[in-house]
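Shown here: my_file-v8.cif, mmCIF, C-alpha atoms.
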data_query
#
loop_
_atom_site.label_atom_id
_atom_site.label_comp_id
_atom_site.auth_asym_id
_atom_site.auth_seq_id
_atom_site.Cartn_x
_atom_site.Cartn_y
_atom_site.Cartn_z
CA MET A 695 215.55 289.41 258.85
CA ASN A 696 218.92 290.65 260.10
CA PRO A 697 219.18 290.41 263.88
CA GLY A 698 222.35 289.56 265.74
CA THR A 699 226.09 289.64 265.41
CA GLY A 700 228.51 287.35 267.21
CA THR A 701 229.31 283.86 265.96
CA HIS A 702 226.91 281.77 263.86
CA ARG A 703 227.26 278.12 262.93
CA CYS A 704 225.66 276.40 259.96
CA ASP A 705 226.24 273.44 257.69
CA VAL A 706 226.01 275.51 254.52
CA LEU A 707 226.66 279.22 253.98
CA VAL A 708 225.48 280.60 250.63
CA ILE A 709 226.88 283.98 249.61
CA GLY A 710 224.42 285.58 247.20
CA ALA A 711 220.62 285.64 247.43
CA GLY A 712 219.91 285.55 243.72
CA ALA A 713 218.41 282.79 241.59
CA ALA A 714 221.25 280.24 241.96
CA GLY A 715 221.87 280.98 245.63
CA LEU A 716 218.23 280.67 246.69
CA MET A 717 217.78 277.45 244.68
CA CYS A 718 220.91 275.96 246.28
CA ALA A 719 219.74 277.01 249.75
CA LEU A 720 216.22 275.59 249.50
CA THR A 721 217.53 272.34 247.99
CA ALA A 722 220.08 271.88 250.78
CA GLY A 723 217.53 272.89 253.41
CA GLN A 724 215.08 270.29 252.15
CA ARG A 725 217.78 267.68 252.78
CA GLY A 726 217.90 268.71 256.43
CA ARG A 727 221.00 270.85 256.21
CA ILE A 728 221.25 273.97 258.39
CA VAL A 729 221.54 276.70 255.76
CA GLN A 730 222.29 280.42 256.00
CA VAL A 731 222.13 282.78 253.00
CA ILE A 732 223.80 286.20 253.13
CA ASP A 733 223.78 289.05 250.61
CA HIS A 734 225.31 292.52 250.67
CA ALA A 735 222.25 294.00 248.91
CA ASN A 736 219.23 295.35 250.76
CA LYS A 737 216.83 292.79 249.27
CA VAL A 738 216.95 289.37 247.65
CA GLY A 739 216.53 288.46 244.00
CA LYS A 740 217.09 291.89 242.49
CA LYS A 741 217.90 290.58 239.00
CA ILE A 742 214.91 288.22 239.16
CA LEU A 743 212.66 291.17 239.96
CA MET A 744 213.85 293.28 237.02
CA SER A 745 214.08 290.47 234.45
CA GLY A 746 211.71 290.13 231.55
CA GLY A 747 210.38 293.64 232.01
CA GLY A 748 209.21 292.71 235.51
CA ARG A 749 207.59 289.45 234.34
CA CYS A 750 210.67 287.20 234.74
CA ASN A 751 211.52 284.94 231.80
CA PHE A 752 212.13 282.15 234.32
CA THR A 753 213.08 279.29 231.98
CA ASN A 754 213.14 278.06 228.40
CA THR A 755 211.47 274.77 227.56
CA GLY A 756 214.03 274.05 224.84
CA THR A 757 217.12 274.33 227.05
CA THR A 758 220.12 272.25 225.97
CA ALA A 759 223.86 272.57 226.49
CA ALA A 760 224.05 274.06 222.97
CA ASN A 761 222.37 277.23 224.30
CA PHE A 762 225.39 278.12 226.45
CA LEU A 763 228.82 279.62 225.88
CA SER A 764 231.79 278.28 227.86
CA ALA A 765 235.45 277.47 227.30
CA ASN A 766 234.43 274.01 228.56
CA PRO A 767 231.17 273.38 226.64
CA HIS A 768 230.38 269.98 228.16
CA PHE A 769 230.49 271.25 231.75
CA CYS A 770 226.86 272.39 231.98
CA LYS A 771 225.38 269.11 230.71
CA SER A 772 225.29 267.21 234.00
CA ALA A 773 223.45 269.84 236.05
CA LEU A 774 221.05 270.71 233.21
CA ALA A 775 220.16 267.04 232.76
CA ARG A 776 219.38 266.57 236.45
CA TYR A 777 217.22 269.67 236.92
CA THR A 778 215.21 270.42 233.80
CA PRO A 779 212.80 273.21 232.83
CA SER A 780 209.89 270.90 233.66
CA ASP A 781 211.24 270.49 237.21
CA PHE A 782 211.13 274.24 237.74
CA ILE A 783 207.73 274.50 236.02
CA ASP A 784 206.42 271.91 238.52
CA MET A 785 207.41 274.24 241.36
CA VAL A 786 205.82 277.24 239.64
CA GLN A 787 202.58 275.30 239.16
CA ARG A 788 202.63 274.04 242.74
CA HIS A 789 202.70 277.66 243.88
CA ARG A 790 199.84 278.46 241.48
CA ILE A 791 201.81 281.07 239.54
CA ALA A 792 200.20 281.78 236.18
CA TYR A 793 202.61 281.88 233.23
CA HIS A 794 202.66 281.91 229.44
CA GLU A 795 205.01 281.13 226.56
CA LYS A 796 206.00 284.29 224.72
CA GLU A 797 208.07 282.89 221.84
CA LEU A 798 210.72 280.26 221.20
CA GLY A 799 210.05 278.34 224.45
CA GLN A 800 210.42 281.43 226.66
CA LEU A 801 208.18 281.23 229.76
CA PHE A 802 207.10 284.41 231.58
CA CYS A 803 204.94 285.12 234.62
CA ASP A 804 201.50 286.46 233.70
CA VAL A 805 201.55 288.93 236.58
CA SER A 806 204.92 289.73 238.15
CA SER A 807 208.44 288.46 238.76
CA LYS A 808 207.79 289.18 242.45
CA LEU A 809 205.86 285.89 242.50
CA ILE A 810 209.00 283.92 241.57
CA VAL A 811 210.99 285.59 244.38
CA ARG A 812 208.10 284.95 246.80
CA MET A 813 207.99 281.28 245.74
CA LEU A 814 211.74 280.84 246.35
CA LEU A 815 211.51 282.59 249.74
CA ASP A 816 208.51 280.46 250.75
CA GLU A 817 210.42 277.30 249.79
CA CYS A 818 213.42 278.51 251.77
CA GLN A 819 211.28 279.27 254.80
CA GLN A 820 209.64 275.83 254.68
CA ALA A 821 213.12 274.28 254.53
CA GLY A 822 214.32 276.29 257.55
CA VAL A 823 216.76 278.43 255.55
CA ARG A 824 217.80 281.70 257.21
CA ILE A 825 218.46 284.74 255.01
CA ARG A 826 220.30 287.94 255.91
CA THR A 827 220.47 291.00 253.66
CA ASP A 828 222.70 294.07 254.08
CA CYS A 829 225.38 291.58 255.12
CA ALA A 830 228.69 292.36 253.44
CA VAL A 831 231.53 289.84 253.57
CA GLU A 832 234.76 291.20 255.07
CA GLY A 833 236.97 288.12 254.78
CA ILE A 834 237.03 284.34 254.28
CA GLU A 835 239.41 281.84 255.84
CA ARG A 836 239.57 278.08 255.59
CA GLY A 837 240.38 276.00 258.64
CA ALA A 838 240.47 272.35 259.59
CA ASP A 839 236.73 272.35 260.36
CA GLY A 840 235.52 274.29 257.29
CA PHE A 841 235.26 277.98 256.56
CA ARG A 842 235.16 281.11 258.69
CA VAL A 843 233.45 284.04 257.02
CA ARG A 844 233.68 287.48 258.63
CA THR A 845 230.72 289.71 257.86
CA ALA A 846 228.93 292.84 258.98
CA HIS A 847 226.72 290.49 261.03
CA GLY A 848 229.48 288.64 262.79
CA LEU A 849 231.45 285.48 262.14
CA PHE A 850 229.94 282.49 260.31
CA HIS A 851 231.37 278.98 260.65
CA CYS A 852 230.30 276.52 257.95
CA ALA A 853 231.35 273.17 256.56
CA SER A 854 230.28 274.06 253.00
CA LEU A 855 230.60 277.47 251.38
CA VAL A 856 228.67 278.28 248.18
CA ILE A 857 229.62 281.28 246.06
CA ALA A 858 226.48 282.45 244.26
CA SER A 859 227.42 286.10 243.91
CA GLY A 860 226.85 286.48 240.16
CA GLY A 861 228.91 288.37 237.61
CA LEU A 862 229.64 291.98 236.72
CA SER A 863 226.51 292.82 234.72
CA ILE A 864 224.24 295.65 235.92
CA PRO A 865 226.41 297.12 238.71
CA SER A 866 223.47 299.35 239.72
CA MET A 867 221.88 296.13 241.04
CA GLY A 868 224.90 295.51 243.25
CA ALA A 869 226.94 293.33 240.87
CA SER A 870 230.64 293.12 241.68
CA GLY A 871 233.71 290.99 241.11
CA PHE A 872 233.45 289.49 244.61
CA GLY A 873 233.04 285.89 243.43
CA TYR A 874 236.08 286.12 241.19
CA GLU A 875 238.17 287.46 244.09
CA VAL A 876 237.13 284.51 246.27
CA ALA A 877 237.94 282.09 243.45
CA ARG A 878 241.41 283.58 243.02
CA GLN A 879 241.98 283.59 246.79
CA PHE A 880 241.52 279.82 246.77
CA GLY A 881 243.72 279.18 243.74
CA HIS A 882 241.13 279.13 240.98
CA ASP A 883 241.69 280.57 237.52
CA VAL A 884 239.19 283.17 236.33
CA LEU A 885 238.75 283.42 232.57
CA PRO A 886 238.60 286.95 231.09
CA THR A 887 235.19 288.54 231.55
CA ARG A 888 233.19 290.78 229.22
CA ALA A 889 229.63 291.99 228.79
CA GLY A 890 227.19 289.58 227.13
CA LEU A 891 223.62 289.96 225.84
CA VAL A 892 224.35 293.66 225.44
CA PRO A 893 223.48 296.40 222.92
CA LEU A 894 226.21 297.25 220.41
CA THR A 895 227.42 300.77 219.68
CA LEU A 896 228.13 302.25 216.26
CA SER A 897 230.49 305.06 215.31
CA GLY A 898 231.50 307.00 212.23
CA ARG A 899 229.43 306.61 209.07
CA HIS A 900 227.04 303.99 210.38
CA GLN A 901 226.31 306.02 213.51
CA GLU A 902 225.71 309.18 211.47
CA ARG A 903 223.37 307.43 209.04
CA PHE A 904 221.30 305.54 211.59
CA ALA A 905 221.24 307.76 214.72
CA ASP A 906 218.03 309.60 213.83
CA LEU A 907 216.24 306.28 213.23
CA SER A 908 216.33 305.56 216.96
CA GLY A 909 213.24 303.56 217.91
CA VAL A 910 212.85 301.86 214.51
CA ALA A 911 212.66 298.06 214.78
CA LEU A 912 212.78 295.41 212.06
CA PRO A 913 213.28 291.65 211.72
CA VAL A 914 216.83 290.64 210.81
CA GLU A 915 219.13 287.66 210.91
CA ALA A 916 222.37 288.68 212.63
CA ARG A 917 225.49 286.66 211.81
CA CYS A 918 228.94 286.59 213.38
CA ASN A 919 231.67 283.98 213.84
CA GLY A 920 229.56 281.15 212.42
CA LYS A 921 226.51 281.89 214.63
CA SER A 922 223.24 283.41 213.47
CA PHE A 923 220.10 284.61 215.26
CA ARG A 924 216.84 285.60 213.60
CA ASN A 925 214.70 288.03 215.57
CA SER A 926 214.09 291.77 215.75
CA MET A 927 216.70 294.55 215.76
CA LEU A 928 216.13 297.93 217.37
CA LEU A 929 218.01 301.03 216.27
CA THR A 930 219.07 303.23 219.22
CA HIS A 931 220.67 306.66 219.64
CA ARG A 932 224.06 305.02 220.14
CA GLY A 933 223.79 301.90 218.01
CA ILE A 934 221.70 298.74 217.78
CA SER A 935 219.81 296.52 220.22
CA GLY A 936 216.85 294.12 220.21
CA PRO A 937 216.86 290.33 220.67
CA ALA A 938 218.83 289.45 217.52
CA ILE A 939 221.61 291.89 218.44
CA LEU A 940 221.72 290.96 222.13
CA GLN A 941 222.09 287.31 221.10
CA ILE A 942 224.88 287.88 218.60
CA SER A 943 226.70 290.27 220.98
CA SER A 944 227.86 287.30 223.06
CA TYR A 945 229.70 285.95 220.00
CA TRP A 946 231.05 289.32 218.79
CA GLN A 947 234.20 291.14 219.84
CA PRO A 948 235.67 294.39 218.46
CA GLY A 949 237.03 293.86 214.97
CA ASP A 950 234.83 290.83 214.24
CA ASP A 951 232.79 290.77 211.04
CA LEU A 952 229.09 291.35 211.73
CA ARG A 953 226.50 290.83 208.99
CA LEU A 954 222.76 291.36 208.83
CA ASP A 955 220.18 289.77 206.55
CA LEU A 956 217.67 292.62 206.29
CA LEU A 957 215.13 290.40 204.50
CA PRO A 958 215.12 287.26 206.65
CA GLY A 959 212.91 284.57 205.19
CA HIS A 960 213.29 285.96 201.65
CA ASP A 961 215.76 285.12 198.92
CA ALA A 962 216.74 288.75 198.33
CA LEU A 963 217.67 288.31 194.66
CA GLU A 964 214.53 286.34 193.79
CA TRP A 965 212.42 288.89 195.64
CA LEU A 966 214.00 291.79 193.72
CA ARG A 967 213.51 289.98 190.40
CA ALA A 968 209.85 289.43 191.30
CA MET A 969 209.46 293.12 192.17
CA LYS A 970 211.00 294.07 188.82
CA ARG A 971 208.51 291.81 186.99
CA GLU A 972 205.42 292.72 189.01
CA ARG A 973 206.07 296.26 190.27
CA GLY A 974 208.62 297.64 187.81
CA ALA A 975 207.30 301.21 187.89
CA SER A 976 207.59 301.45 191.67
CA GLU A 977 210.62 302.99 193.34
CA LEU A 978 212.88 300.50 195.14
CA ARG A 979 212.28 302.37 198.41
CA THR A 980 208.51 301.94 197.94
CA VAL A 981 208.58 298.15 197.54
CA LEU A 982 211.15 297.82 200.34
CA ALA A 983 208.84 299.78 202.66
CA GLU A 984 206.33 296.92 202.35
CA VAL A 985 208.76 294.46 203.96
CA MET A 986 210.55 296.75 206.43
CA PRO A 987 209.88 300.09 208.18
CA LYS A 988 209.52 302.94 205.68
CA ARG A 989 212.24 305.06 207.28
CA MET A 990 214.73 302.19 207.11
CA ALA A 991 213.87 301.57 203.45
CA GLN A 992 214.41 305.26 202.67
CA ARG A 993 217.75 305.37 204.51
CA LEU A 994 219.05 302.30 202.70
CA CYS A 995 218.14 303.85 199.35
CA GLU A 996 219.77 307.16 200.31
CA HIS A 997 223.15 305.57 201.08
CA TRP A 998 223.48 301.93 200.02
CA LEU A 999 220.90 301.04 197.36
CA PRO A 1000 219.84 302.56 194.01
CA ASP A 1001 217.12 305.15 194.57
CA ARG A 1002 215.08 304.62 191.40
CA PRO A 1003 212.30 302.48 189.89
CA VAL A 1004 212.96 298.76 190.09
CA ARG A 1005 212.62 298.23 186.33
CA GLN A 1006 215.71 300.42 185.78
CA LEU A 1007 217.89 297.91 187.61
CA ASP A 1008 219.75 295.47 185.37
CA GLU A 1009 220.77 292.01 186.56
CA PRO A 1010 224.20 293.03 187.93
CA GLN A 1011 222.54 295.90 189.83
CA LEU A 1012 219.87 293.54 191.17
CA LYS A 1013 222.61 291.19 192.39
CA GLN A 1014 224.46 294.07 193.99
CA ALA A 1015 221.30 295.27 195.77
CA ALA A 1016 220.50 291.72 196.87
CA ALA A 1017 223.98 291.37 198.37
CA VAL A 1018 223.44 294.54 200.42
CA LEU A 1019 220.04 293.37 201.68
CA ALA A 1020 221.04 289.76 202.42
CA ASP A 1021 224.54 290.39 203.77
CA PHE A 1022 224.62 293.95 205.10
CA PRO A 1023 228.02 294.68 206.71
CA LEU A 1024 227.61 296.58 209.96
CA VAL A 1025 230.75 297.80 211.71
CA ALA A 1026 230.07 297.90 215.45
CA SER A 1027 232.55 299.88 217.53
CA GLY A 1028 231.86 298.36 220.96
CA THR A 1029 229.15 297.45 223.44
CA GLU A 1030 227.14 299.40 226.01
CA GLY A 1031 229.16 297.50 228.64
CA TYR A 1032 228.18 295.96 231.96
CA ARG A 1033 225.83 298.86 232.70
CA THR A 1034 223.13 297.35 230.47
CA ALA A 1035 224.49 293.81 229.85
CA GLU A 1036 222.18 291.02 230.96
CA VAL A 1037 225.03 288.61 231.68
CA THR A 1038 228.79 288.32 232.12
CA LEU A 1039 230.79 286.13 229.75
CA GLY A 1040 233.78 284.30 231.21
CA GLY A 1041 234.29 283.77 234.93
CA VAL A 1042 235.51 280.96 237.18
CA ASP A 1043 237.24 278.31 235.06
CA THR A 1044 234.94 275.27 235.09
CA ARG A 1045 237.80 272.83 234.50
CA GLN A 1046 238.65 273.28 238.19
CA VAL A 1047 235.05 272.59 239.31
CA SER A 1048 233.11 269.31 239.42
CA SER A 1049 230.31 269.31 236.85
CA SER A 1050 228.12 267.08 239.02
CA THR A 1051 228.49 268.76 242.44
CA LEU A 1052 229.78 272.25 241.44
CA GLU A 1053 232.49 271.71 244.08
CA SER A 1054 236.00 273.07 243.70
CA ARG A 1055 238.48 270.39 242.66
CA GLN A 1056 241.10 272.25 244.71
CA VAL A 1057 239.26 273.17 247.89
CA PRO A 1058 236.82 270.60 249.36
CA GLY A 1059 233.61 272.20 250.60
CA LEU A 1060 233.83 275.24 248.30
CA HIS A 1061 231.15 275.40 245.57
CA PHE A 1062 230.44 277.86 242.74
CA VAL A 1063 226.98 278.22 241.16
CA GLY A 1064 225.26 280.42 238.59
CA GLU A 1065 226.73 283.32 236.67
CA VAL A 1066 230.04 283.48 238.57
CA LEU A 1067 231.10 280.41 236.57
CA ASP A 1068 232.22 280.49 232.94
CA VAL A 1069 228.79 279.39 231.69
CA THR A 1070 226.67 281.94 229.85
CA GLY A 1071 223.28 281.29 228.30
CA TRP A 1072 221.51 282.77 225.32
CA LEU A 1073 218.76 285.34 225.74
CA GLY A 1074 215.39 283.80 226.57
CA GLY A 1075 215.35 282.15 230.01
CA TYR A 1076 218.47 280.01 229.60
CA ASN A 1077 220.51 281.84 232.23
CA PHE A 1078 217.77 281.34 234.80
CA GLN A 1079 217.63 277.64 233.95
CA TRP A 1080 221.40 277.43 234.52
CA ALA A 1081 220.92 279.19 237.87
CA TRP A 1082 218.21 276.70 238.93
CA ALA A 1083 220.15 273.66 237.64
CA SER A 1084 223.54 274.61 239.07
CA GLY A 1085 222.02 275.72 242.37
CA HIS A 1086 220.10 272.44 242.64
CA ALA A 1087 223.20 270.35 241.83
CA ALA A 1088 225.22 272.07 244.55
CA GLY A 1089 222.28 271.94 246.97
CA GLN A 1090 222.15 268.15 246.54
CA ALA A 1091 225.87 267.87 247.31
CA VAL A 1092 226.59 270.23 250.21
#
Just give me the structure of the file as structure tokens.
Amino acid sequence: MNPGTGTHRCDVLVIGAGAAGLMCALTAGQRGRIVQVIDHANKVGKKILMSGGGRCNFTNTGTTAANFLSANPHFCKSALARYTPSDFIDMVQRHRIAYHEKELGQLFCDVSSKLIVRMLLDECQQAGVRIRTDCAVEGIERGADGFRVRTAHGLFHCASLVIASGGLSIPSMGASGFGYEVARQFGHDVLPTRAGLVPLTLSGRHQERFADLSGVALPVEARCNGKSFRNSMLLTHRGISGPAILQISSYWQPGDDLRLDLLPGHDALEWLRAMKRERGASELRTVLAEVMPKRMAQRLCEHWLPDRPVRQLDEPQLKQAAAVLADFPLVASGTEGYRTAEVTLGGVDTRQVSSSTLESRQVPGLHFVGEVLDVTGWLGGYNFQWAWASGHAAGQAV
């Protein structure tokens, strides 16, 4: 895959062989463009391969612009409208890849994420796209006739340059700030970055009280800054994780108020009143253990709730207990950081990029796609759909 140094000419050079870069490359190649993809990693699509527990949550059928965070919330609408989940599903079906819906519109491969990478590589090959791995970029210059990119494999001349190098999440997969450096080199603003879709850490009293419950999971509704997500929460040695927490983590920053409804789907006060009427002799921890894990029920009654029979609770005490269950204040101290984050929040300022072509408004021929931009999706296939949509939009334009 990697023969030759010297000078190479192409119409389009894509830096980054991930989801957005491969989609851009195959789309441009299908239009007859001469396309070269380079990546500093030793193989393509590393984040695709590891995603969804190796099954790749490749899209979400309910994708809308409302499922994304950005300082410029309208930016993603154009690309998402022109390449939809059904467009990607058509490709998946054409390649006879079996898939299923897990929950909430999330589509996964039945067998392996390797099939998605293989599909993208097959499409690239059919479109004449060349791909080089282990090809680090040493410098980029812009001249009258396009861009000159110095690499470990020689010098590349191209008319269009696409930055598809991703964000900072999961550095063990080769993530780096390369794309942000290129953006700054060419006069683009980069909005502050932080880890998104990431487990939260606890400290102090909460950490002490929950640490030995590591591995316990329960349904919750997590709320922060006007957003709420209902799904499961997982207690860990260092804090909290699980889908509800990963989702809310993108809206949380240190010092922000984080609340949990520990009885989602129930009116906590009405439920407690019913328990008092119907199960008055039972301990509160006993009735709670029927709607949440027993160990969690016990821990709540050890530290936050009355540990006695329900019939002994008067109305003010019932209201107080209901407030704890429905609006549990959890003080998170931080996040697990980029090491385990699924995405990077922030990135290249989209106000300096065309929403229809993903081309720089400052530097003709320079495009940014995927996670390097300040567009971050929710958990559940949305970030892949942004990669496909933004890559396709740029691939149509280069």
Checklist line | Minimum-distance residue to Ala1087 (chain A), chosen among A:Gln901, A:Gln1006, A:Ser1049, A:Gln1056 (using only C-alpha atoms) | finding: A:Ser1049
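Among A:Leu978, A:Val811, A:Ala1081, A:Val708, the residue with the shortest atom-to-atom distance to Arg749 (chain A), counting all atoms listed in the file, is A:Val811.
If you count all atoms listed in the file and ignore residues fewer than 6 places along the chain from region 753-758 of chain A, what sits within 8 Å of it is A:Lys771, A:Leu774, A:Pro779, A:Ser780, A:Phe782, A:Leu798, A:Gly799, A:Gln800, A:Leu801, A:Phe802, A:Gly1074, A:Gly1075, A:Tyr1076, A:Asn1077, A:Phe1078, A:Gln1079.
What separates CA of Ala1016 (chain A) from CA of Val985 (chain A) is a distance of 14.0 Å.
When the PyMOL selection byres ((chain A and resi 867) around 12) is evaluated on the file shown here, the picked residues come out as Gly712, His734, Ala735, Asn736, Lys737, Val738, Gly739, Lys740, Lys741, Ile742, Leu743, Met744, Ser745, Ser859, Gly860, Gly861, Leu862, Ser863, Ile864, Pro865, Ser866, Gly868, Ala869, Ser870, Tyr1032, Arg1033, Thr1034, Ala1035 and Glu1036 of chain A.
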Check: What lies within 9 Å of Arg824 (chain A) using only C-alpha atoms, ignoring chain neighbours under 5 positions off, as JSON, numbers by chain?
Finding: {"A": [695, 728, 729, 730, 731, 732, 818, 819]}
Checklist line | region 929-942 of chain A surroundings by all atoms listed in the file, 6 Å radius, close-in-sequence under 2 positions cut, as an NGL selection string | finding: :A and (891-896 or 905 or 908-910 or 923-927 or 944-945)
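Taking CA of Glu972 (chain A) and CA of Pro1023 (chain A) as the two end points, the separation is 28.8 Å.
For the pair CA of Ile825 (chain A) and CA of Trp1082 (chain A), the interatomic distance is 18.0 Å.
Residues matched by the PyMOL selection byres ((chain A and resi 977) around 8) in this file: A:Gly974, A:Ala975, A:Ser976, A:Leu978, A:Arg979, A:Thr980, A:Val981, A:Asp1001, A:Arg1002, A:Pro1003, A:Val1004.
Proximity ranking of A:Lys970, A:His882, A:His960, A:Arg917 relative to Asp1008 (chain A) places A:Lys970 first, based on all atoms listed in the file.
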Notebook entry, point to check: Which neighbours of Val786 (chain A) fall inside 12 Å, counting all atoms listed in the file, when residues of the same chain fewer than 2 positions from it are skipped, and could you give them as a ChimeraX atom specification?
Noted result: /A:752-753,779-784,788-794,801-804,807,809-814,816-817
Mind rebuilding region 1079-1086 of chain A with all heavy atoms and writing that out as a CSV table (one decimal), keeping the file's coordinate frame?
chain,number,residue,atom,x,y,z
A,1079,GLN,N,217.6,279.1,233.8
A,1079,GLN,CA,217.6,277.6,234.0
A,1079,GLN,C,219.0,277.1,234.4
A,1079,GLN,O,219.1,276.2,235.2
A,1079,GLN,CB,217.3,277.0,232.6
A,1079,GLN,CG,217.1,275.5,232.7
A,1079,GLN,CD,216.1,275.0,233.7
A,1079,GLN,OE1,215.0,275.7,233.9
A,1079,GLN,NE2,216.3,273.9,234.5
A,1080,TRP,N,220.1,277.8,234.0
A,1080,TRP,CA,221.4,277.4,234.5
A,1080,TRP,C,221.5,277.7,236.0
A,1080,TRP,O,222.1,277.0,236.8
A,1080,TRP,CB,222.5,278.2,233.8
A,1080,TRP,CG,223.9,278.0,234.4
A,1080,TRP,CD1,224.6,278.9,234.9
A,1080,TRP,CD2,224.6,276.7,234.6
A,1080,TRP,NE1,225.8,278.4,235.5
A,1080,TRP,CE2,225.8,277.0,235.3
A,1080,TRP,CE3,224.3,275.4,234.3
A,1080,TRP,CZ2,226.7,276.1,235.6
A,1080,TRP,CZ3,225.2,274.4,234.6
A,1080,TRP,CH2,226.4,274.8,235.3
A,1081,ALA,N,220.9,278.9,236.4
A,1081,ALA,CA,220.9,279.2,237.9
A,1081,ALA,C,220.2,278.1,238.7
A,1081,ALA,O,220.7,277.6,239.7
A,1081,ALA,CB,220.3,280.6,238.1
A,1082,TRP,N,219.0,277.7,238.2
A,1082,TRP,CA,218.2,276.7,238.9
A,1082,TRP,C,219.0,275.4,238.9
A,1082,TRP,O,219.1,274.7,240.0
A,1082,TRP,CB,216.8,276.5,238.3
A,1082,TRP,CG,216.0,277.7,237.9
A,1082,TRP,CD1,215.3,277.9,236.8
A,1082,TRP,CD2,215.8,278.9,238.7
A,1082,TRP,NE1,214.7,279.1,236.8
A,1082,TRP,CE2,214.9,279.7,238.0
A,1082,TRP,CE3,216.2,279.3,240.0
A,1082,TRP,CZ2,214.5,281.0,238.4
A,1082,TRP,CZ3,215.8,280.5,240.4
A,1082,TRP,CH2,214.9,281.3,239.7
A,1083,ALA,N,219.5,275.0,237.8
A,1083,ALA,CA,220.2,273.7,237.6
A,1083,ALA,C,221.4,273.6,238.4
A,1083,ALA,O,221.7,272.6,239.1
A,1083,ALA,CB,220.4,273.3,236.2
A,1084,SER,N,222.3,274.6,238.3
A,1084,SER,CA,223.5,274.6,239.1
A,1084,SER,C,223.3,274.7,240.6
A,1084,SER,O,224.0,274.1,241.4
A,1084,SER,CB,224.5,275.7,238.6
A,1084,SER,OG,223.9,277.0,238.8
A,1085,GLY,N,222.3,275.6,241.0
A,1085,GLY,CA,222.0,275.7,242.4
A,1085,GLY,C,221.5,274.4,242.9
A,1085,GLY,O,221.9,274.0,244.1
A,1086,HIS,N,220.7,273.7,242.2
A,1086,HIS,CA,220.1,272.4,242.6
A,1086,HIS,C,221.2,271.4,242.8
A,1086,HIS,O,221.2,270.6,243.8
A,1086,HIS,CB,219.0,272.0,241.6
A,1086,HIS,CG,218.3,270.7,242.0
A,1086,HIS,ND1,218.8,269.5,241.6
A,1086,HIS,CD2,217.3,270.5,242.8
A,1086,HIS,CE1,218.0,268.5,242.1
A,1086,HIS,NE2,217.1,269.1,242.9
